[in-house]
>>> print(open('protein_2.cif').read())   # mmCIF, C-alpha atoms
data_protein
#
loop_
_atom_site.label_atom_id
_atom_site.label_comp_id
_atom_site.auth_asym_id
_atom_site.auth_seq_id
_atom_site.Cartn_x
_atom_site.Cartn_y
_atom_site.Cartn_z
CA MET R 1 33.67 -47.16 5.46
CA THR R 2 36.80 -49.23 6.04
CA ALA R 3 39.34 -47.71 8.42
CA PRO R 4 42.25 -46.29 6.34
CA GLN R 5 44.83 -48.10 8.44
CA GLN R 6 43.38 -51.43 7.26
CA LEU R 7 43.32 -50.74 3.56
CA HIS R 8 47.06 -51.17 3.00
CA GLU R 9 46.89 -54.70 4.41
CA MET R 10 44.30 -55.92 1.91
CA GLY R 11 45.14 -58.07 -1.06
CA VAL R 12 43.20 -58.05 -4.31
CA ALA R 13 40.42 -60.39 -3.19
CA ALA R 14 39.76 -58.50 0.05
CA LEU R 15 39.82 -55.14 -1.72
CA GLY R 16 37.49 -56.44 -4.39
CA ARG R 17 35.00 -57.59 -1.78
CA ALA R 18 35.21 -54.30 0.11
CA LEU R 19 34.70 -52.28 -3.06
CA ALA R 20 31.87 -54.47 -4.33
CA GLY R 21 30.12 -54.41 -0.97
CA GLY R 22 30.38 -50.65 -0.54
CA ALA R 23 32.59 -50.92 2.55
CA THR R 24 35.03 -48.56 0.87
CA SER R 25 35.54 -46.72 -2.39
CA SER R 26 38.42 -46.74 -4.82
CA GLU R 27 39.07 -43.09 -4.02
CA GLU R 28 39.32 -43.88 -0.30
CA VAL R 29 41.70 -46.75 -1.02
CA VAL R 30 43.90 -44.64 -3.29
CA ARG R 31 44.04 -41.74 -0.82
CA ALA R 32 45.12 -44.13 1.94
CA LEU R 33 47.82 -45.68 -0.26
CA LEU R 34 49.11 -42.31 -1.48
CA ALA R 35 49.48 -41.24 2.15
CA ARG R 36 51.37 -44.43 2.91
CA ILE R 37 53.62 -43.98 -0.14
CA GLU R 38 54.45 -40.46 1.04
CA ALA R 39 55.20 -41.68 4.56
CA GLN R 40 57.55 -44.36 3.16
CA ARG R 41 59.12 -42.16 0.47
CA ALA R 42 62.59 -42.27 2.06
CA LEU R 43 62.79 -46.03 1.44
CA GLY R 44 62.82 -45.39 -2.31
CA ALA R 45 60.19 -47.81 -3.64
CA PHE R 46 58.80 -45.33 -6.18
CA LEU R 47 60.55 -43.20 -8.80
CA HIS R 48 57.37 -41.41 -9.82
CA VAL R 49 54.01 -41.14 -8.06
CA ASP R 50 51.05 -39.97 -10.13
CA ALA R 51 48.77 -38.80 -7.32
CA GLU R 52 46.54 -36.66 -9.54
CA GLY R 53 46.14 -39.36 -12.18
CA ALA R 54 45.52 -42.05 -9.57
CA LEU R 55 42.77 -40.05 -7.88
CA ALA R 56 41.15 -39.31 -11.23
CA GLY R 57 41.27 -43.00 -12.11
CA ALA R 58 39.81 -43.92 -8.73
CA ARG R 59 36.89 -41.52 -9.17
CA ALA R 60 36.24 -42.90 -12.65
CA ALA R 61 36.22 -46.44 -11.25
CA ASP R 62 33.78 -45.45 -8.51
CA ALA R 63 31.50 -43.84 -11.07
CA GLN R 64 31.64 -46.94 -13.26
CA ARG R 65 30.78 -49.15 -10.29
CA ALA R 66 27.86 -46.88 -9.39
CA ARG R 67 26.49 -47.48 -12.91
CA GLY R 68 26.52 -51.22 -12.21
CA ASP R 69 29.41 -51.98 -14.57
CA ALA R 70 32.07 -53.60 -12.39
CA GLY R 71 34.79 -56.10 -13.24
CA ARG R 72 36.76 -58.03 -10.65
CA LEU R 73 39.69 -55.58 -10.53
CA LEU R 74 37.78 -52.35 -11.08
CA GLY R 75 39.28 -49.69 -8.83
CA VAL R 76 42.11 -51.90 -7.56
CA PRO R 77 45.46 -50.04 -7.45
CA ILE R 78 48.58 -51.24 -9.24
CA ALA R 79 52.14 -49.95 -9.71
CA HIS R 80 54.43 -50.64 -12.66
CA LYS R 81 58.17 -51.16 -12.73
CA ASP R 82 59.75 -48.21 -14.51
CA VAL R 83 60.57 -50.20 -17.64
CA PHE R 84 56.92 -50.16 -18.76
CA VAL R 85 56.33 -47.05 -20.85
CA THR R 86 53.39 -44.94 -19.72
CA ALA R 87 51.83 -41.98 -21.47
CA GLY R 88 51.93 -38.88 -19.29
CA MET R 89 54.57 -40.21 -16.90
CA PRO R 90 58.36 -40.43 -17.09
CA THR R 91 59.98 -43.73 -17.99
CA THR R 92 63.63 -44.04 -16.98
CA ALA R 93 64.42 -47.78 -16.84
CA GLY R 94 66.27 -46.80 -13.66
CA SER R 95 68.85 -44.72 -15.52
CA LYS R 96 69.56 -41.00 -15.78
CA MET R 97 70.39 -41.60 -19.43
CA LEU R 98 66.64 -41.56 -20.10
CA ALA R 99 65.92 -38.41 -18.09
CA GLY R 100 63.21 -36.43 -19.82
CA TYR R 101 61.92 -39.32 -21.90
CA ALA R 102 58.12 -39.42 -22.20
CA SER R 103 56.30 -42.10 -24.16
CA PRO R 104 53.28 -41.13 -26.26
CA PHE R 105 51.61 -44.48 -25.53
CA ASP R 106 51.18 -47.09 -22.79
CA ALA R 107 52.84 -50.49 -22.78
CA THR R 108 50.31 -53.20 -23.63
CA VAL R 109 50.32 -54.54 -20.08
CA VAL R 110 49.71 -51.04 -18.68
CA ALA R 111 46.89 -50.46 -21.16
CA ARG R 112 45.19 -53.75 -20.33
CA ALA R 113 45.27 -53.06 -16.60
CA ALA R 114 43.81 -49.61 -17.21
CA ALA R 115 41.12 -51.03 -19.50
CA ALA R 116 40.04 -53.29 -16.62
CA GLY R 117 39.59 -50.18 -14.46
CA MET R 118 42.73 -50.69 -12.39
CA VAL R 119 44.27 -47.51 -10.95
CA CYS R 120 47.95 -46.80 -11.64
CA LEU R 121 49.72 -45.35 -8.61
CA GLY R 122 53.03 -44.70 -10.35
CA LYS R 123 56.35 -46.19 -11.42
CA THR R 124 58.63 -48.19 -9.15
CA ASN R 125 62.39 -48.18 -8.71
CA LEU R 126 64.68 -50.86 -10.14
CA SER R 127 68.26 -51.75 -10.91
CA GLU R 128 69.60 -49.52 -13.68
CA PHE R 129 68.37 -50.98 -16.96
CA ALA R 130 67.12 -53.98 -14.93
CA TYR R 131 70.66 -55.34 -14.59
CA SER R 132 71.21 -56.58 -11.03
CA GLY R 133 69.88 -59.37 -8.88
CA LEU R 134 70.41 -57.29 -5.73
CA GLY R 135 68.31 -54.30 -6.77
CA LEU R 136 71.11 -51.73 -6.46
CA ASN R 137 70.66 -48.39 -8.24
CA PRO R 138 73.46 -45.78 -8.23
CA CYS R 139 71.36 -43.26 -10.20
CA PHE R 140 68.24 -42.80 -8.06
CA GLY R 141 69.25 -44.61 -4.89
CA THR R 142 68.74 -48.22 -3.85
CA PRO R 143 65.37 -49.09 -2.27
CA VAL R 144 65.87 -50.55 1.18
CA PHE R 145 63.64 -52.61 3.43
CA ALA R 146 64.25 -52.21 7.15
CA HIS R 147 63.50 -55.67 8.51
CA GLU R 148 63.42 -56.66 12.17
CA GLY R 149 66.45 -55.37 13.98
CA GLY R 150 66.47 -52.07 12.11
CA HIS R 151 69.13 -53.09 9.58
CA ASP R 152 68.64 -51.98 6.00
CA ARG R 153 68.56 -54.92 3.62
CA ALA R 154 69.08 -55.18 -0.12
CA PRO R 155 65.64 -55.45 -1.73
CA GLY R 156 66.56 -57.95 -4.44
CA GLY R 157 66.35 -57.10 -8.10
CA SER R 158 65.87 -56.03 -10.55
CA SER R 159 62.20 -55.39 -9.67
CA SER R 160 63.27 -53.94 -6.34
CA GLY R 161 60.82 -51.07 -5.99
CA ALA R 162 57.91 -53.20 -7.19
CA ALA R 163 58.55 -55.72 -4.42
CA LEU R 164 59.15 -53.08 -1.79
CA ALA R 165 55.98 -51.20 -2.69
CA VAL R 166 53.87 -54.30 -2.05
CA ALA R 167 55.82 -55.37 1.03
CA LEU R 168 55.41 -51.93 2.61
CA GLY R 169 51.68 -51.89 1.96
CA CYS R 170 51.87 -49.17 -0.68
CA GLY R 171 49.72 -51.20 -3.05
CA PRO R 172 48.44 -54.76 -3.44
CA LEU R 173 50.04 -55.43 -6.83
CA ALA R 174 53.05 -54.33 -8.85
CA MET R 175 54.19 -55.44 -12.29
CA GLY R 176 57.80 -56.45 -12.76
CA THR R 177 60.02 -58.09 -15.35
CA ASP R 178 62.18 -61.20 -15.02
CA THR R 179 65.14 -62.20 -17.18
CA ALA R 180 67.17 -64.28 -14.71
CA GLY R 181 65.28 -63.87 -11.45
CA SER R 182 64.22 -60.22 -11.41
CA VAL R 183 60.70 -60.99 -10.14
CA ARG R 184 61.51 -64.12 -8.13
CA ILE R 185 64.50 -62.75 -6.21
CA PRO R 186 62.86 -59.57 -4.83
CA ALA R 187 59.71 -61.58 -4.07
CA ALA R 188 61.77 -64.01 -2.00
CA PHE R 189 63.71 -61.21 -0.26
CA ASN R 190 60.49 -59.43 0.72
CA GLY R 191 58.23 -62.35 1.60
CA LEU R 192 55.92 -62.02 -1.42
CA VAL R 193 54.59 -64.12 -4.26
CA GLY R 194 56.39 -63.39 -7.52
CA TYR R 195 55.11 -64.95 -10.74
CA ARG R 196 57.52 -65.28 -13.64
CA ALA R 197 55.27 -65.90 -16.62
CA SER R 198 56.45 -68.07 -19.48
CA ARG R 199 57.59 -66.32 -22.65
CA GLY R 200 54.67 -65.19 -24.75
CA ARG R 201 52.08 -65.19 -21.96
CA TYR R 202 52.10 -61.38 -21.74
CA CYS R 203 52.84 -58.90 -24.48
CA LEU R 204 56.28 -57.26 -24.28
CA GLN R 205 55.32 -54.26 -26.41
CA GLY R 206 56.33 -51.03 -24.67
CA VAL R 207 58.80 -52.65 -22.26
CA PHE R 208 62.47 -51.60 -22.17
CA ALA R 209 64.33 -54.86 -22.70
CA LEU R 210 67.39 -56.20 -20.93
CA ALA R 211 67.59 -59.32 -23.11
CA PRO R 212 64.75 -59.41 -25.66
CA SER R 213 65.11 -63.15 -26.26
CA LEU R 214 64.90 -63.95 -22.52
CA ASP R 215 62.78 -61.25 -20.87
CA THR R 216 59.45 -62.16 -19.32
CA LEU R 217 56.91 -60.21 -17.30
CA GLY R 218 55.16 -60.98 -14.04
CA PRO R 219 53.39 -59.54 -11.01
CA LEU R 220 54.49 -59.30 -7.39
CA ALA R 221 51.68 -59.67 -4.89
CA LEU R 222 50.60 -60.87 -1.46
CA SER R 223 49.19 -64.20 -2.64
CA VAL R 224 48.99 -66.64 -5.52
CA GLY R 225 45.33 -65.75 -5.91
CA ASP R 226 46.21 -62.09 -6.43
CA CYS R 227 48.66 -63.03 -9.19
CA MET R 228 46.00 -65.22 -10.80
CA ALA R 229 43.47 -62.38 -10.76
CA LEU R 230 45.86 -60.04 -12.56
CA ASP R 231 46.86 -62.81 -14.96
CA ARG R 232 43.25 -63.10 -16.11
CA VAL R 233 43.10 -59.39 -16.87
CA LEU R 234 46.41 -59.33 -18.74
CA ARG R 235 45.35 -62.32 -20.85
CA GLY R 236 41.95 -60.85 -21.66
CA LEU R 237 39.90 -63.43 -19.75
CA THR R 238 36.46 -62.77 -18.35
CA ASP R 239 35.59 -63.47 -14.72
CA ASP R 240 34.15 -66.85 -15.71
CA GLY R 241 37.45 -67.89 -17.25
CA HIS R 242 36.49 -67.57 -20.92
CA ALA R 243 38.58 -65.59 -23.34
CA ASN R 244 37.04 -62.40 -24.68
CA ALA R 245 36.16 -62.65 -28.35
CA SER R 246 38.75 -61.01 -30.62
CA PRO R 247 39.01 -60.77 -34.40
CA ALA R 248 41.58 -63.11 -35.90
CA ALA R 249 43.75 -60.16 -36.95
CA ASP R 250 43.90 -58.93 -33.37
CA LEU R 251 44.91 -62.37 -32.12
CA ARG R 252 47.65 -62.56 -34.72
CA ASN R 253 48.95 -59.14 -33.65
CA GLN R 254 48.90 -60.17 -29.98
CA VAL R 255 51.00 -63.25 -30.72
CA PHE R 256 53.43 -61.21 -32.84
CA CYS R 257 54.12 -58.63 -30.15
CA THR R 258 55.13 -61.27 -27.59
CA ASP R 259 57.96 -62.68 -29.70
#
>>> encode(input="protein_2.cif", output="structure tokens")
Amino acid sequence: MTAPQQLHEMGVAALGRALAGGATSSEEVVRALLARIEAQRALGAFLHVDAEGALAGARAADAQRARGDAGRLLGVPIAHKDVFVTAGMPTTAGSKMLAGYASPFDATVVARAAAAGMVCLGKTNLSEFAYSGLGLNPCFGTPVFAHEGGHDRAPGGSSSGAALAVALGCGPLAMGTDTAGSVRIPAAFNGLVGYRASRGRYCLQGVFALAPSLDTLGPLALSVGDCMALDRVLRGLTDDGHANASPAADLRNQVFCTD
């Protein structure tokens, strides 16, 4: 088995190889990341951690792999900015105004990641209603990254917690949103790759909007390759690059929900 202290340093490709080769299991990976999230809790990257759900998802992924049915991202952990609605977890959009809100369904992006066997660790912090390039949040506290020298730094926003979670090794991938830099700014502040997808590339259904005519979605990750791997999943592509067959009605609905 892979030493737990190494798991948090792995990107998607390395984790995929370790999982496929039996060097580790999804449950081992998730347990290591949950421990790291707990150890870094004071830095405020996460608003909600679903430890029980993540472990259940990891065990399901391991069982699926044991049956010989394994996609590229099966068992790989992911976190979602807390503007993506998720069934069974709170969704606040970074504001106390939404305290107690619980969605009965998953955002399309969340559902597609789950369908690929990815394991959701929880929901990450952000600027209130995704409105701030610095990542400040007066409601739940501003995530901070202690860089060299011990000085707390603004994380960049609005996908502040998503960036910090990846930068701190609390997960290899996190989904964010970008209206005027909300993926790119925190990626730059934290030394990550942030991909701002073009409008219509990913479905916006189930995402709390800042500006519906301008909002886009995108991952924060350790490498371009990691962003590409998630992009394939979110667009419904197979590992060989071909689109999965879908009825025409489904394709029409997918296009409609991205407008």
>>> resolve_selection(input="protein_2.cif", expression="the PyMOL selection byres ((chain R and resi 32-45) around 8)", output="list in words")
Pro4, Gln5, Leu7, His8, Glu28, Val29, Val30, Arg31, Phe46, Leu47, Ala51, Leu121, Thr124, Asn125, Gly141, Thr142, Pro143, Val144, Phe145, Ser160, Gly161, Ala162, Leu164, Ala165, Leu168, Gly169, Cys170 and Gly171 of chain R
>>> atom_distance(input="protein_2.cif", atom1="atom CA of Arg72 of chain R", atom2="atom CA of Met10 of chain R")
14.8 Å
>>> residues_around(input="protein_2.cif", residues="Pro90 of chain R", least_positions_apart="2", cutoff="7 Å", atoms="all atoms listed in the file", output="PyMOL selection string")
chain R and resi 88+92+100-102
>>> atom_distance(input="protein_2.cif", atom1="atom CA of Leu204 of chain R", atom2="atom CA of Val83 of chain R")
10.6 Å
>>> closest_residue(input="protein_2.cif", among="R:Leu192, R:Ala114, R:Val49, R:Ala99", to="Asp226 of chain R", atoms="only C-alpha atoms")
R:Leu192
>>> resolve_selection(input="protein_2.cif", expression="the PyMOL selection byres ((chain R and resi 197) around 12)", output="number ranges by chain")
R: 175-179, 181-184, 194-196, 198-204, 214-220, 227-228, 230-231, 234-235, 258
>>> closest_residue(input="protein_2.cif", among="R:Phe129, R:Ala56, R:Gly71, R:Ala167", to="Met97 of chain R", atoms="only C-alpha atoms")
R:Phe129
>>> resolve_selection(input="protein_2.cif", expression="the PyMOL selection byres ((chain R and resi 82) around 6)", output="PDB file with C-alpha atoms, in the coordinates of the input")
ATOM      1  CA  LYS R  81      58.170 -51.160 -12.730  1.00  0.00           C
ATOM      2  CA  VAL R  83      60.570 -50.200 -17.640  1.00  0.00           C
ATOM      3  CA  PHE R  84      56.920 -50.160 -18.760  1.00  0.00           C
ATOM      4  CA  THR R  91      59.980 -43.730 -17.990  1.00  0.00           C
ATOM      5  CA  ALA R  93      64.420 -47.780 -16.840  1.00  0.00           C
ATOM      6  CA  LYS R 123      56.350 -46.190 -11.420  1.00  0.00           C
ATOM      7  CA  THR R 124      58.630 -48.190  -9.150  1.00  0.00           C
TER       8      THR R 124
END
>>> atom_distance(input="protein_2.cif", atom1="atom CA of Tyr131 of chain R", atom2="atom CA of Thr108 of chain R")
22.4 Å
>>> residues_around(input="protein_2.cif", residues="Ala54 of chain R", least_positions_apart="4", cutoff="10 Å", atoms="all atoms listed in the file", output="list in words")
Ser26, Glu27, Val30, Arg31, Leu34, Val49, Asp50, Ala58, Arg59, Ala60, Gly75, Pro77, Ile78, Met118, Val119, Cys120, Leu121 and Gly122 of chain R
>>> closest_residue(input="protein_2.cif", among="R:Ala163, R:Leu55, R:Val207, R:Leu73", to="Val109 of chain R", atoms="all atoms listed in the file")
R:Val207
>>> closest_residue(input="protein_2.cif", among="R:Gly11, R:Gly206, R:Gly16, R:Pro212", to="Val85 of chain R", atoms="all atoms listed in the file")
R:Gly206
>>> closest_residue(input="protein_2.cif", among="R:Val76, R:Ala130, R:Val12, R:Val110", to="Ser25 of chain R", atoms="all atoms listed in the file")
R:Val76
>>> build_atoms(input="protein_2.cif", residues="segment 143-166 of chain R", atoms="N, CA, C and O atoms", output="PDB file, in the coordinates of the input")
ATOM      1  N   PRO R 143      66.455 -48.889  -3.242  1.00  0.00           N
ATOM      2  CA  PRO R 143      65.370 -49.090  -2.270  1.00  0.00           C
ATOM      3  C   PRO R 143      65.845 -50.008  -1.156  1.00  0.00           C
ATOM      4  O   PRO R 143      66.575 -50.968  -1.411  1.00  0.00           O
ATOM      5  N   VAL R 144      65.451 -49.707   0.056  1.00  0.00           N
ATOM      6  CA  VAL R 144      65.870 -50.550   1.180  1.00  0.00           C
ATOM      7  C   VAL R 144      64.661 -50.928   2.014  1.00  0.00           C
ATOM      8  O   VAL R 144      63.708 -50.177   2.152  1.00  0.00           O
ATOM      9  N   PHE R 145      64.709 -52.125   2.566  1.00  0.00           N
ATOM     10  CA  PHE R 145      63.640 -52.610   3.430  1.00  0.00           C
ATOM     11  C   PHE R 145      64.224 -52.842   4.813  1.00  0.00           C
ATOM     12  O   PHE R 145      65.110 -53.671   4.993  1.00  0.00           O
ATOM     13  N   ALA R 146      63.758 -52.069   5.776  1.00  0.00           N
ATOM     14  CA  ALA R 146      64.250 -52.210   7.150  1.00  0.00           C
ATOM     15  C   ALA R 146      63.499 -53.347   7.836  1.00  0.00           C
ATOM     16  O   ALA R 146      62.371 -53.193   8.285  1.00  0.00           O
ATOM     17  N   HIS R 147      64.104 -54.504   7.877  1.00  0.00           N
ATOM     18  CA  HIS R 147      63.500 -55.670   8.510  1.00  0.00           C
ATOM     19  C   HIS R 147      63.679 -55.579  10.028  1.00  0.00           C
ATOM     20  O   HIS R 147      64.223 -54.613  10.556  1.00  0.00           O
ATOM     21  N   GLU R 148      63.257 -56.621  10.721  1.00  0.00           N
ATOM     22  CA  GLU R 148      63.420 -56.660  12.170  1.00  0.00           C
ATOM     23  C   GLU R 148      64.884 -56.450  12.540  1.00  0.00           C
ATOM     24  O   GLU R 148      65.776 -56.980  11.900  1.00  0.00           O
ATOM     25  N   GLY R 149      65.098 -55.676  13.571  1.00  0.00           N
ATOM     26  CA  GLY R 149      66.450 -55.370  13.980  1.00  0.00           C
ATOM     27  C   GLY R 149      66.915 -54.019  13.491  1.00  0.00           C
ATOM     28  O   GLY R 149      67.952 -53.517  13.918  1.00  0.00           O
ATOM     29  N   GLY R 150      66.152 -53.420  12.559  1.00  0.00           N
ATOM     30  CA  GLY R 150      66.470 -52.070  12.110  1.00  0.00           C
ATOM     31  C   GLY R 150      67.571 -51.981  11.093  1.00  0.00           C
ATOM     32  O   GLY R 150      68.027 -50.888  10.765  1.00  0.00           O
ATOM     33  N   HIS R 151      68.040 -53.119  10.555  1.00  0.00           N
ATOM     34  CA  HIS R 151      69.130 -53.090   9.580  1.00  0.00           C
ATOM     35  C   HIS R 151      68.565 -53.011   8.173  1.00  0.00           C
ATOM     36  O   HIS R 151      67.689 -53.791   7.800  1.00  0.00           O
ATOM     37  N   ASP R 152      69.073 -52.078   7.387  1.00  0.00           N
ATOM     38  CA  ASP R 152      68.640 -51.980   6.000  1.00  0.00           C
ATOM     39  C   ASP R 152      69.124 -53.186   5.217  1.00  0.00           C
ATOM     40  O   ASP R 152      70.286 -53.596   5.339  1.00  0.00           O
ATOM     41  N   ARG R 153      68.232 -53.736   4.409  1.00  0.00           N
ATOM     42  CA  ARG R 153      68.560 -54.920   3.620  1.00  0.00           C
ATOM     43  C   ARG R 153      68.407 -54.630   2.135  1.00  0.00           C
ATOM     44  O   ARG R 153      67.558 -53.837   1.732  1.00  0.00           O
ATOM     45  N   ALA R 154      69.235 -55.293   1.323  1.00  0.00           N
ATOM     46  CA  ALA R 154      69.080 -55.180  -0.120  1.00  0.00           C
ATOM     47  C   ALA R 154      67.706 -55.718  -0.501  1.00  0.00           C
ATOM     48  O   ALA R 154      67.261 -56.736   0.034  1.00  0.00           O
ATOM     49  N   PRO R 155      67.010 -55.052  -1.421  1.00  0.00           N
ATOM     50  CA  PRO R 155      65.640 -55.450  -1.730  1.00  0.00           C
ATOM     51  C   PRO R 155      65.524 -56.603  -2.709  1.00  0.00           C
ATOM     52  O   PRO R 155      64.452 -57.170  -2.873  1.00  0.00           O
ATOM     53  N   GLY R 156      66.632 -56.976  -3.353  1.00  0.00           N
ATOM     54  CA  GLY R 156      66.560 -57.950  -4.440  1.00  0.00           C
ATOM     55  C   GLY R 156      66.157 -57.250  -5.722  1.00  0.00           C
ATOM     56  O   GLY R 156      65.438 -56.252  -5.713  1.00  0.00           O
ATOM     57  N   GLY R 157      66.633 -57.781  -6.838  1.00  0.00           N
ATOM     58  CA  GLY R 157      66.350 -57.100  -8.100  1.00  0.00           C
ATOM     59  C   GLY R 157      66.134 -58.049  -9.250  1.00  0.00           C
ATOM     60  O   GLY R 157      66.205 -59.258  -9.086  1.00  0.00           O
ATOM     61  N   SER R 158      65.806 -57.470 -10.364  1.00  0.00           N
ATOM     62  CA  SER R 158      65.870 -56.030 -10.550  1.00  0.00           C
ATOM     63  C   SER R 158      64.582 -55.284 -10.193  1.00  0.00           C
ATOM     64  O   SER R 158      64.565 -54.053 -10.128  1.00  0.00           O
ATOM     65  N   SER R 159      63.487 -56.023  -9.973  1.00  0.00           N
ATOM     66  CA  SER R 159      62.200 -55.390  -9.670  1.00  0.00           C
ATOM     67  C   SER R 159      62.113 -55.002  -8.199  1.00  0.00           C
ATOM     68  O   SER R 159      61.174 -55.352  -7.481  1.00  0.00           O
ATOM     69  N   SER R 160      63.110 -54.249  -7.764  1.00  0.00           N
ATOM     70  CA  SER R 160      63.270 -53.940  -6.340  1.00  0.00           C
ATOM     71  C   SER R 160      62.148 -53.080  -5.792  1.00  0.00           C
ATOM     72  O   SER R 160      61.538 -53.393  -4.764  1.00  0.00           O
ATOM     73  N   GLY R 161      61.860 -51.963  -6.469  1.00  0.00           N
ATOM     74  CA  GLY R 161      60.820 -51.070  -5.990  1.00  0.00           C
ATOM     75  C   GLY R 161      59.441 -51.696  -6.063  1.00  0.00           C
ATOM     76  O   GLY R 161      58.583 -51.437  -5.208  1.00  0.00           O
ATOM     77  N   ALA R 162      59.201 -52.527  -7.064  1.00  0.00           N
ATOM     78  CA  ALA R 162      57.910 -53.200  -7.190  1.00  0.00           C
ATOM     79  C   ALA R 162      57.660 -54.083  -5.978  1.00  0.00           C
ATOM     80  O   ALA R 162      56.568 -54.087  -5.391  1.00  0.00           O
ATOM     81  N   ALA R 163      58.679 -54.849  -5.590  1.00  0.00           N
ATOM     82  CA  ALA R 163      58.550 -55.720  -4.420  1.00  0.00           C
ATOM     83  C   ALA R 163      58.388 -54.912  -3.150  1.00  0.00           C
ATOM     84  O   ALA R 163      57.535 -55.210  -2.304  1.00  0.00           O
ATOM     85  N   LEU R 164      59.197 -53.877  -3.009  1.00  0.00           N
ATOM     86  CA  LEU R 164      59.150 -53.080  -1.790  1.00  0.00           C
ATOM     87  C   LEU R 164      57.811 -52.360  -1.641  1.00  0.00           C
ATOM     88  O   LEU R 164      57.272 -52.257  -0.538  1.00  0.00           O
ATOM     89  N   ALA R 165      57.262 -51.887  -2.747  1.00  0.00           N
ATOM     90  CA  ALA R 165      55.980 -51.200  -2.690  1.00  0.00           C
ATOM     91  C   ALA R 165      54.894 -52.103  -2.115  1.00  0.00           C
ATOM     92  O   ALA R 165      54.095 -51.687  -1.270  1.00  0.00           O
ATOM     93  N   VAL R 166      54.873 -53.357  -2.552  1.00  0.00           N
ATOM     94  CA  VAL R 166      53.870 -54.300  -2.050  1.00  0.00           C
ATOM     95  C   VAL R 166      54.175 -54.698  -0.609  1.00  0.00           C
ATOM     96  O   VAL R 166      53.284 -54.744   0.239  1.00  0.00           O
TER      97      VAL R 166
END
